[in-house]
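Have a look at structure.txt below; it lists compact mmCIF, C-alpha atoms and all ligand atoms.
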```txt
# COMPACT_ATOMS: atom_id res chain seq x y z
CA MET A 19 -2.91 17.94 -7.51
CA ARG A 20 0.50 18.13 -5.96
CA ILE A 21 2.86 15.17 -5.86
CA LEU A 22 6.08 14.66 -3.95
CA LEU A 23 8.58 12.50 -5.77
CA VAL A 24 11.43 11.07 -3.70
CA GLU A 25 13.92 9.20 -5.88
CA ASP A 26 17.69 9.41 -5.71
CA ASP A 27 18.30 8.15 -9.24
CA LYS A 28 18.54 11.50 -11.01
CA ASP A 29 17.58 10.21 -14.46
CA LEU A 30 14.63 8.25 -13.14
CA ASN A 31 13.55 11.22 -11.02
CA ARG A 32 13.61 13.57 -14.00
CA GLN A 33 11.89 11.10 -16.30
CA LEU A 34 9.11 10.35 -13.82
CA ALA A 35 8.70 14.02 -12.92
CA ASP A 36 8.30 14.89 -16.62
CA SER A 37 5.61 12.22 -17.02
CA LEU A 38 3.78 13.38 -13.91
CA GLU A 39 3.89 16.97 -15.06
CA SER A 40 2.63 15.96 -18.50
CA ALA A 41 -0.25 14.22 -16.73
CA GLY A 42 -1.15 17.50 -15.07
CA TYR A 43 0.40 17.16 -11.64
CA VAL A 44 2.53 19.68 -9.83
CA VAL A 45 5.69 17.86 -8.79
CA ASP A 46 8.14 18.58 -5.99
CA LYS A 47 11.33 16.58 -6.34
CA ALA A 48 13.58 15.26 -3.58
CA PHE A 49 16.74 13.22 -4.09
CA ASP A 50 17.39 11.81 -0.63
CA GLY A 51 15.37 10.56 2.33
CA GLU A 52 16.01 13.50 4.61
CA GLU A 53 14.96 16.09 2.07
CA GLY A 54 11.96 13.97 1.12
CA HIS A 55 10.95 13.46 4.73
CA PHE A 56 11.18 17.17 5.46
CA LEU A 57 9.02 18.10 2.47
CA GLY A 58 6.40 15.46 3.24
CA ASP A 59 6.36 16.56 6.85
CA THR A 60 5.81 20.23 6.12
CA GLU A 61 4.04 20.55 2.76
CA PRO A 62 0.61 19.28 1.75
CA TYR A 63 0.68 16.61 -0.95
CA ASP A 64 -2.12 14.73 -2.63
CA ALA A 65 0.18 11.75 -3.02
CA VAL A 66 3.81 10.74 -2.67
CA VAL A 67 5.98 8.54 -4.85
CA LEU A 68 8.65 7.23 -2.51
CA ASP A 69 11.64 5.11 -3.46
CA ILE A 70 12.57 2.53 -0.84
CA GLY A 71 16.37 2.68 -1.26
CA LEU A 72 17.45 6.24 -0.51
CA PRO A 73 20.58 7.93 0.87
CA GLU A 74 20.45 9.71 4.27
CA MET A 75 17.20 8.03 5.33
CA ASP A 76 15.63 4.94 3.73
CA GLY A 77 12.10 5.07 2.37
CA ILE A 78 10.61 2.81 5.06
CA THR A 79 11.94 5.07 7.83
CA VAL A 80 10.70 8.17 6.01
CA LEU A 81 7.23 6.65 5.73
CA GLU A 82 7.14 5.38 9.32
CA ASN A 83 8.05 8.84 10.56
CA TRP A 84 5.31 10.44 8.51
CA ARG A 85 2.69 8.00 9.72
CA GLN A 86 3.75 8.44 13.33
CA ALA A 87 3.29 12.18 12.85
CA ASN A 88 -0.18 11.56 11.35
CA ARG A 89 0.87 12.52 7.86
CA ASN A 90 -1.68 10.40 6.04
CA MET A 91 -1.25 11.28 2.38
CA PRO A 92 -1.31 8.30 0.01
CA VAL A 93 2.16 6.91 -0.59
CA LEU A 94 3.18 4.83 -3.56
CA MET A 95 6.45 3.04 -2.87
CA LEU A 96 8.98 2.12 -5.51
CA THR A 97 10.54 -1.21 -4.61
CA ALA A 98 13.27 -3.33 -6.08
CA ARG A 99 12.02 -6.14 -8.24
CA ASP A 100 11.59 -9.48 -6.46
CA ARG A 101 12.23 -8.00 -3.03
CA TRP A 102 9.13 -9.37 -1.36
CA SER A 103 10.46 -8.25 2.03
CA ASP A 104 10.53 -4.64 0.80
CA LYS A 105 6.91 -4.88 -0.26
CA VAL A 106 5.82 -6.30 3.08
CA ALA A 107 7.88 -3.72 4.98
CA GLY A 108 6.38 -0.96 2.86
CA ILE A 109 2.82 -2.09 3.48
CA ASP A 110 3.55 -2.48 7.18
CA ALA A 111 5.04 1.01 7.32
CA GLY A 112 1.85 2.43 5.87
CA ALA A 113 2.38 2.43 2.11
CA ASP A 114 -0.86 2.47 0.14
CA ASP A 115 0.53 0.71 -2.88
CA TYR A 116 3.79 -0.14 -4.56
CA VAL A 117 5.30 -0.55 -7.97
CA ALA A 118 8.32 -2.78 -8.50
CA LYS A 119 11.24 -1.53 -10.57
CA PRO A 120 11.61 -1.54 -13.47
CA PHE A 121 8.14 -0.21 -14.09
CA HIS A 122 6.11 1.28 -16.89
CA THR A 123 5.43 4.95 -16.21
CA GLU A 124 1.79 4.28 -17.13
CA GLU A 125 1.48 1.90 -14.21
CA VAL A 126 2.80 4.50 -11.78
CA LEU A 127 0.33 7.04 -13.17
CA ALA A 128 -2.59 4.61 -12.99
CA ARG A 129 -1.79 3.61 -9.43
CA LEU A 130 -1.39 7.22 -8.38
CA ARG A 131 -4.76 8.10 -9.86
CA ALA A 132 -6.32 5.25 -7.95
CA LEU A 133 -4.62 6.29 -4.71
CA ILE A 134 -5.77 9.85 -5.05
CA ARG A 135 -9.28 8.72 -5.89
CA ARG A 136 -9.35 6.43 -2.92
CA ALA A 137 -7.97 9.13 -0.67
CA ALA A 138 -10.77 11.39 -1.77
CA GLY A 139 -13.30 8.71 -0.87
CA HIS A 140 -11.59 7.96 2.41
CA ALA A 141 -10.44 11.26 3.83
CA SER A 142 -9.23 9.57 7.00
CA ALA A 143 -6.96 6.56 7.33
CA GLU A 144 -10.07 4.44 7.69
CA ILE A 145 -11.49 2.23 4.99
CA GLU A 146 -15.12 1.22 5.28
CA ALA A 147 -16.79 -1.86 3.89
CA GLY A 148 -20.41 -1.94 4.98
CA PRO A 149 -20.46 -2.27 8.77
CA VAL A 150 -16.72 -3.01 8.86
CA THR A 151 -14.17 -0.27 9.39
CA LEU A 152 -10.47 -0.83 8.97
CA ASP A 153 -8.32 1.75 10.74
CA THR A 154 -5.06 1.56 8.84
CA LYS A 155 -3.31 3.91 11.22
CA GLN A 156 -4.12 1.95 14.35
CA SER A 157 -4.25 -1.44 12.60
CA ARG A 158 -7.65 -2.05 14.13
CA VAL A 159 -10.91 -3.37 12.80
CA THR A 160 -14.38 -2.58 14.06
CA MET A 161 -17.78 -3.88 13.05
CA ASN A 162 -20.79 -1.68 13.80
CA GLY A 163 -18.40 0.36 15.93
CA LYS A 164 -17.31 -2.59 18.08
CA PRO A 165 -13.68 -3.78 17.99
CA VAL A 166 -13.07 -7.15 16.34
CA LYS A 167 -10.01 -9.08 17.40
CA LEU A 168 -7.99 -10.29 14.43
CA THR A 169 -4.65 -12.04 14.27
CA SER A 170 -1.92 -10.18 12.41
CA HIS A 171 -2.31 -12.50 9.41
CA GLU A 172 -6.06 -11.96 9.31
CA TYR A 173 -5.59 -8.23 9.63
CA ARG A 174 -3.04 -8.07 6.84
CA LEU A 175 -5.21 -10.13 4.56
CA LEU A 176 -8.26 -7.99 5.25
CA SER A 177 -6.27 -4.80 4.94
CA TYR A 178 -4.84 -5.86 1.61
CA LEU A 179 -8.23 -6.83 0.23
CA LEU A 180 -9.82 -3.58 1.42
CA HIS A 181 -6.96 -1.48 0.06
CA HIS A 182 -7.77 -3.15 -3.25
CA ARG A 183 -11.48 -2.96 -2.76
CA GLY A 184 -13.54 -4.05 -5.73
CA GLU A 185 -10.55 -5.67 -7.40
CA VAL A 186 -10.04 -9.38 -7.76
CA VAL A 187 -6.85 -10.26 -5.87
CA SER A 188 -5.26 -13.56 -6.79
CA ARG A 189 -4.04 -16.07 -4.24
CA THR A 190 -0.53 -15.66 -5.64
CA GLU A 191 -0.63 -11.90 -5.14
CA LEU A 192 -1.85 -12.32 -1.57
CA ILE A 193 0.88 -14.83 -0.81
CA GLU A 194 3.48 -12.54 -2.36
CA HIS A 195 2.30 -9.55 -0.36
CA LEU A 196 1.52 -11.12 2.96
CA TYR A 197 3.92 -13.94 3.60
CA ASP A 198 7.62 -14.62 3.72
CA GLN A 199 9.40 -16.67 1.11
CA ASP A 200 9.30 -19.81 3.26
CA PHE A 201 5.52 -19.83 3.07
CA ASP A 202 4.21 -23.04 1.54
CA LYS A 203 2.50 -21.82 -1.61
CA ASP A 204 0.52 -25.03 -1.93
CA SER A 205 -0.99 -24.80 1.50
CA ASN A 206 -4.58 -23.73 1.93
CA THR A 207 -3.76 -21.10 4.56
CA ILE A 208 -5.24 -18.22 2.58
CA GLU A 209 -8.54 -20.08 2.32
CA VAL A 210 -8.44 -20.74 6.04
CA PHE A 211 -7.88 -17.06 6.85
CA VAL A 212 -10.60 -15.96 4.42
CA GLY A 213 -12.95 -18.38 6.16
CA ARG A 214 -12.05 -16.96 9.57
CA LEU A 215 -12.57 -13.39 8.40
CA ARG A 216 -15.98 -14.27 7.02
CA LYS A 217 -16.89 -15.85 10.33
CA LYS A 218 -15.54 -13.00 12.49
CA LEU A 219 -16.95 -10.25 10.28
CA TYR A 220 -19.68 -11.21 7.84
CA PRO A 221 -19.89 -13.91 5.16
CA ASP A 222 -20.40 -11.64 2.13
CA LEU A 223 -17.47 -9.38 2.98
CA ILE A 224 -15.05 -11.45 0.90
CA GLU A 225 -16.25 -12.96 -2.34
CA THR A 226 -14.52 -15.95 -3.91
CA VAL A 227 -14.05 -15.39 -7.63
CA ARG A 228 -13.64 -18.93 -8.89
CA GLY A 229 -10.28 -19.56 -10.50
CA LEU A 230 -9.16 -15.96 -10.02
CA GLY A 231 -9.01 -15.10 -6.37
CA TYR A 232 -10.88 -12.96 -3.88
CA ARG A 233 -12.67 -9.67 -3.91
CA ALA A 234 -13.77 -7.54 -0.96
CA CA B 301 17.08 4.35 -4.94
```

What would the structure in this file look like if it were written as structure tokens?
Ligand code: CA
Amino acid sequence: MRILLVEDDKDLNRQLADSLESAGYVVDKAFDGEEGHFLGDTEPYDAVVLDIGLPEMDGITVLENWRQANRNMPVLMLTARDRWSDKVAGIDAGADDYVAKPFHTEEVLARLRALIRRAAGHASAEIEAGPVTLDTKQSRVTMNGKPVKLTSHEYRLLSYLLHHRGEVVSRTELIEHLYDQDFDKDSNTIEVFVGRLRKKLYPDLIETVRGLGYRA
């Protein structure tokens, strides 16, 4: 398994590369966005670890360019702690997951494993859940092959749940990932959107795990 690591902090890059290599991955290292973009555009990788704040070209732009060019390898973004906007931008740009700095190397490794596993199960950019297909590249949802019209909030919610398929996702995590900081955390909007998705798609698609959150 070959990993591209794009991180401009030289110490962090070396440290993470060592851990990845110890875990059995082949690692290509890049220290700025342009170099990283070029490598990801021309070499085959099983996954990419991409820092968001990079010289020459920022991580979001790098990722957007890859996705526009149909480079669909799983990308794990490294974001600054508490920068919710970075997380949302990363997910919008096509990131498959993120880890906020400072992180435990074990978390990066675990998330990478999951990404690679998922990528193996979903060779295309499409995620399937029974009759529902989420096309992450086109941001479109179909059920039994027919397009289903979703609002952007509904789509993001569904996309997040399906990207974390089988996991219980808490309300707090959804709010943190899907909404801006002015979002009223006490509102019942998430419940409303879950209800709409169940109605537009099918009732059992999203399970309510009492006291914990939702699972698709
Ligand atoms: Ca950086």

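Closest approach to Glu25 (chain A) among A:Glu185, A:Glu52, A:Asp59, A:Asp69: A:Asp69, based on all atoms listed in the file.
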
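Using all atoms listed in the file, the protein and nucleic acid residues lying no more than 8 Å from region 223-232 of chain A, apart from those fewer than 2 places from it along its own chain, are A:Ala147, A:Leu179, A:Val186, A:Val187, A:Ser188, A:Arg189, A:Val212, A:Arg216, A:Leu219, A:Tyr220, A:Pro221, A:Ala234.
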
>> For ligand CA 301 (chain B), return the neighbouring residues as a PyMOL selection string (distance at most 8 Å; all atoms listed in the file).
In response: chain A and resi 25-27+69-73

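Of the listed residues A:Gly77, A:Ala137, A:Ile21, A:Pro62, the one whose atoms come nearest to Asp46 (chain A) is A:Ile21, with distances taken using all atoms listed in the file.
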
> What is the distance between CA of Thr123 (chain A) and CA of Ser177 (chain A), in Å to one decimal?
Replying inline: 26.1 Å

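The two atoms in question, CA of Leu68 (chain A) and CA of Arg233 (chain A), are spaced 27.2 Å apart.
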
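When CA of Ile78 (chain A) is paired with CA of Asp64 (chain A), their separation reads 19.1 Å.
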
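Residue nearest Ile145 (chain A), chosen from A:Leu176, A:Ala48, A:Ile208, A:Val93 and counting all atoms listed in the file: A:Leu176.
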
>> I want to know what sits within 9 Å of Pro149 (chain A), based on all atoms listed in the file, with residues of the same chain fewer than 4 positions away left out; could you give that as JSON, numbers by chain?
In response: {"A": [160, 161, 162, 163, 219]}

Which region 90-163 of chain A residues have any atom within 12 Å of an atom of region 29-37 of chain A, and for each, what is the nearest pair of atoms with distance in Å to one decimal, counting all atoms listed in the file, rows sorted by chain and number, as CSV?
```
residue,atom,partner,partner_atom,distance
A:Leu96,CA,A:Leu30,CA,11.3
A:Lys119,CA,A:Leu30,CA,10.7
A:Pro120,CA,A:Leu30,CA,10.3
A:Phe121,CA,A:Leu34,CA,10.6
A:His122,CA,A:Leu34,CA,10.0
A:Thr123,CA,A:Leu34,CA,7.0
A:Glu124,CA,A:Ser37,CA,8.8
A:Glu125,CA,A:Leu34,CA,11.4
A:Val126,CA,A:Leu34,CA,8.8
A:Leu127,CA,A:Ser37,CA,8.3
A:Ala128,CA,A:Ser37,CA,11.9
```

> Excluding same-chain residues fewer than 5 positions from Ala107 (chain A), what lies within 12 Å of it counting only C-alpha atoms, as an MDAnalysis selection string?
Replying inline: chainID A and resid 70 76:79 81:82 95 97 101:102 112:116 174 195:198

> Looking at A:Glu144, A:Asp104, A:Glu39, A:Glu74, which one is nearest to Gly51 (chain A), with distances taken over all atoms listed in the file?
Replying inline: A:Glu74
